[in-house]
Number of protein chains: 2
Amino acid sequence: MSEQTVNGVNVSKLKETIQAIKGKPSLADFRFRIVNKWQGGGLNQTTVKASHGAGQEFPDRDGKFTMQADEPPILLSGDKAANPVEHLLHAVAACVTTTAVYHAAARHIPLEAVESTLEGELDLRGFLGLDPNVPKGYKNIRMNMRVTGDLSEEQKQEVVQLGCEFSPVYNMLSKSVPITVKLAS
Amino acid sequence: MSEQTVNGVNVSKLKETIQAIKGKPSLADFRFRIVNKWQGGGLNQTTVKASHGAGQEFPDRDGKFTMQADEPPILLSGDKAANPVEHLLHAVAACVTTTAVYHAAARHIPLEAVESTLEGELDLRGFLGLDPNVPKGYKNIRMNMRVTGDLSEEQKQEVVQLGCEFSPVYNMLSKSVPITVKLAS
């Protein structure tokens, strides 16, 4: 049988992956890892480390990607990179988009374009500790997704809904996730 | 009075900012914005847009930074960039680190180095929709922070605790945040 690709996603392999995991659920265990170093003021740099998944280690990814974060002058640093809460918006957009694209592919819904604008509203009094009733993070995150293709309005809505329902990052932010931070000994 | 810098953070300006916001809380309203475009398969690109804060717009940041996201071959894409859940770990590390550095600076705690390793554990059955009881996102995120400097163990613990207590990204993930995704008309 020939391989079938929808939205740039190899749907034949996606279905093989699903069958393999149904047969052996431990193949679904993935681990993603990074290391981050402070570089002074608001600047720091992340390096992606080897990841694990489908019963394998992926040492070739160790050091393959670096990302910086900084703060703009109004937040007292040199603006050499997007800041942490902008990187968070990137993680949301990237995850909801990829999830929508893959789940649409699995349902043979072909997409031409997906473009999203995101805005997060932050009251700095939370970060500064000036008012305990003000959230430290965004008060809210709003994402508008434009979905282009030969699709009905209902199918476009379905694509957005699939993106939210199955996106790891969307689910972590909307439902919370256990996160532990420890001082290394 | 001369300006005072601790950990690369201008503490004099930080204190001026706090005083200004106490006098006029609307100065604390910040908005961060991005646009993200799908580029086929698991690949997409974010561009940071103009931000708003302290009663000003910052149009010079519009288009200044771009970040890509992709997936490795085991997740059916070309591995041209870190994936969305690795970008999420970057946002966590960057935010907790910057928060620790700034709050330590405000308390005149000088740091020499901060380095963190993070790991997130993800069961792909959630994303694939194979088991509704499996979380879609990370089951947990673990961060180990190494804090170096002429500090007691208690001060190092305080630095880690400040990072968690006031970090926007840590607080959003550990407590959830309202997030709305809409189909653009």
# chains A, B, ... in the order shown; residues from 1 in each chain; ligands from 1

call {"tool": "residues_around", "arguments": {"residues": "Asn36 (chain A)", "least_positions_apart": "5", "cutoff": "7 Å", "atoms": "only C-alpha atoms", "output": "ChimeraX atom specification"}}
result
/A:44-47 /B:93,115-117

call {"tool": "select_by_dssp", "arguments": {"residues": "region 2-146 of chain A", "states": "helix (DSSP H, G or I)", "output": "ChimeraX atom specification"}}
result
/A:11-23,25-28,59-61,73-75,84-106,124-128

call {"tool": "residues_around", "arguments": {"residues": "Val85 (chain B)", "least_positions_apart": "4", "cutoff": "10 Å", "atoms": "only C-alpha atoms", "output": "NGL selection string"}}
result
(:A and (31-33 or 91-92 or 94-95 or 167-169)) or (:B and (69 or 71 or 89-91 or 120 or 122 or 137-138))

call {"tool": "write_last_selection", "arguments": {"atoms": "C-alpha atoms", "output": "compact mmCIF listing (two decimals), in the first residue's frame"}}
result
# COMPACT_ATOMS: atom_id res chain seq x y z
CA ARG A 31 10.60 12.64 27.91
CA PHE A 32 11.75 16.08 26.78
CA ARG A 33 14.71 17.79 28.43
CA ALA A 91 4.52 27.38 22.82
CA VAL A 92 0.71 27.75 22.90
CA ALA A 94 2.86 26.12 18.01
CA CYS A 95 1.20 23.34 20.02
CA SER A 167 -2.94 20.09 22.51
CA PRO A 168 -0.53 19.28 25.37
CA VAL A 169 0.33 22.95 26.03
CA ALA B 69 8.79 24.98 16.27
CA GLU B 71 8.73 17.88 15.64
CA LEU B 89 10.17 24.03 29.20
CA HIS B 90 12.26 26.96 27.89
CA ALA B 91 9.51 29.40 28.94
CA GLY B 120 8.84 16.82 31.26
CA LEU B 122 4.54 12.96 28.44
CA GLY B 137 0.13 17.45 28.55
CA TYR B 138 3.11 16.56 30.70

call {"tool": "atom_distance", "arguments": {"atom1": "CA of Asp70 (chain A)", "atom2": "CA of His87 (chain B)"}}
result
14.6 Å

call {"tool": "closest_residue", "arguments": {"among": "A:Ala28, A:Ala81, A:Phe127, A:Met67", "to": "Tyr170 (chain B)", "atoms": "only C-alpha atoms"}}
result
A:Phe127

call {"tool": "decode", "arguments": {"residues": "region 111-151 of chain A", "atoms": "N, CA and C atoms", "output": "compact mmCIF listing (two decimals), in the first residue's frame"}}
result
# COMPACT_ATOMS: atom_id res chain seq x y z
N LEU A 111 -5.71 21.08 4.82
CA LEU A 111 -5.64 22.51 5.17
C LEU A 111 -4.71 23.22 4.19
N GLU A 112 -5.04 24.46 3.86
CA GLU A 112 -4.14 25.25 3.01
C GLU A 112 -3.24 26.16 3.86
N ALA A 113 -3.82 26.78 4.87
CA ALA A 113 -3.04 27.69 5.72
C ALA A 113 -3.67 27.77 7.11
N VAL A 114 -2.82 27.97 8.10
CA VAL A 114 -3.27 28.21 9.47
C VAL A 114 -2.42 29.37 10.00
N GLU A 115 -3.08 30.42 10.45
CA GLU A 115 -2.36 31.57 11.01
C GLU A 115 -3.08 32.03 12.26
N SER A 116 -2.31 32.30 13.31
CA SER A 116 -2.92 32.66 14.61
C SER A 116 -2.30 33.92 15.17
N THR A 117 -3.12 34.74 15.78
CA THR A 117 -2.61 35.88 16.55
C THR A 117 -2.96 35.62 18.02
N LEU A 118 -2.00 35.92 18.90
CA LEU A 118 -2.21 35.68 20.34
C LEU A 118 -1.87 36.93 21.11
N GLU A 119 -2.63 37.15 22.17
CA GLU A 119 -2.35 38.26 23.08
C GLU A 119 -2.55 37.77 24.51
N GLY A 120 -1.60 38.14 25.36
CA GLY A 120 -1.71 37.85 26.79
C GLY A 120 -1.66 39.15 27.57
N GLU A 121 -2.55 39.26 28.55
CA GLU A 121 -2.68 40.48 29.35
C GLU A 121 -2.10 40.23 30.74
N LEU A 122 -1.12 41.03 31.11
CA LEU A 122 -0.40 40.79 32.36
C LEU A 122 -0.39 42.05 33.22
N ASP A 123 -0.78 41.91 34.47
CA ASP A 123 -0.74 43.02 35.42
C ASP A 123 0.54 42.85 36.26
N LEU A 124 1.51 43.73 36.02
CA LEU A 124 2.85 43.57 36.61
C LEU A 124 2.85 43.63 38.15
N ARG A 125 1.72 44.13 38.74
CA ARG A 125 1.67 44.15 40.21
C ARG A 125 1.78 42.75 40.81
N GLY A 126 1.34 41.72 40.05
CA GLY A 126 1.48 40.34 40.52
C GLY A 126 2.94 39.94 40.63
N PHE A 127 3.70 40.11 39.56
CA PHE A 127 5.13 39.79 39.54
C PHE A 127 5.89 40.56 40.61
N LEU A 128 5.52 41.84 40.77
CA LEU A 128 6.26 42.70 41.72
C LEU A 128 5.85 42.46 43.18
N GLY A 129 4.81 41.66 43.38
CA GLY A 129 4.37 41.38 44.75
C GLY A 129 3.68 42.56 45.40
N LEU A 130 3.06 43.45 44.59
CA LEU A 130 2.43 44.65 45.16
C LEU A 130 0.99 44.40 45.61
N ASP A 131 0.37 43.33 45.11
CA ASP A 131 -1.01 43.03 45.49
C ASP A 131 -1.23 41.52 45.38
N PRO A 132 -1.42 40.85 46.52
CA PRO A 132 -1.55 39.38 46.50
C PRO A 132 -2.78 38.89 45.73
N ASN A 133 -3.74 39.80 45.47
CA ASN A 133 -4.95 39.39 44.73
C ASN A 133 -4.77 39.44 43.22
N VAL A 134 -3.65 40.01 42.76
CA VAL A 134 -3.40 40.09 41.32
C VAL A 134 -2.64 38.84 40.89
N PRO A 135 -3.13 38.12 39.85
CA PRO A 135 -2.41 36.92 39.38
C PRO A 135 -1.00 37.29 38.92
N LYS A 136 -0.04 36.40 39.17
CA LYS A 136 1.34 36.63 38.73
C LYS A 136 1.45 36.48 37.22
N GLY A 137 0.70 35.56 36.65
CA GLY A 137 0.77 35.30 35.22
C GLY A 137 -0.23 36.13 34.44
N TYR A 138 -0.45 35.73 33.17
CA TYR A 138 -1.45 36.41 32.36
C TYR A 138 -2.82 36.32 33.04
N LYS A 139 -3.59 37.43 32.97
CA LYS A 139 -4.99 37.37 33.41
C LYS A 139 -5.78 36.50 32.45
N ASN A 140 -5.42 36.57 31.18
CA ASN A 140 -6.05 35.72 30.16
C ASN A 140 -5.16 35.69 28.92
N ILE A 141 -5.32 34.63 28.15
CA ILE A 141 -4.65 34.48 26.86
C ILE A 141 -5.74 34.32 25.81
N ARG A 142 -5.66 35.15 24.76
CA ARG A 142 -6.64 35.06 23.66
C ARG A 142 -5.92 34.68 22.37
N MET A 143 -6.44 33.67 21.71
CA MET A 143 -5.84 33.20 20.44
C MET A 143 -6.92 33.20 19.37
N ASN A 144 -6.63 33.86 18.24
CA ASN A 144 -7.53 33.85 17.08
C ASN A 144 -6.86 33.08 15.96
N MET A 145 -7.51 32.00 15.52
CA MET A 145 -6.95 31.11 14.49
C MET A 145 -7.68 31.32 13.18
N ARG A 146 -6.92 31.63 12.12
CA ARG A 146 -7.51 31.70 10.79
C ARG A 146 -7.16 30.40 10.07
N VAL A 147 -8.18 29.66 9.67
CA VAL A 147 -8.00 28.36 9.00
C VAL A 147 -8.45 28.52 7.55
N THR A 148 -7.54 28.24 6.61
CA THR A 148 -7.86 28.42 5.19
C THR A 148 -7.83 27.07 4.48
N GLY A 149 -8.78 26.85 3.59
CA GLY A 149 -8.84 25.61 2.83
C GLY A 149 -10.24 25.44 2.27
N ASP A 150 -10.43 24.39 1.49
CA ASP A 150 -11.74 24.14 0.89
C ASP A 150 -12.61 23.41 1.92
N LEU A 151 -13.00 24.16 2.96
CA LEU A 151 -13.69 23.58 4.11
C LEU A 151 -14.94 24.39 4.43
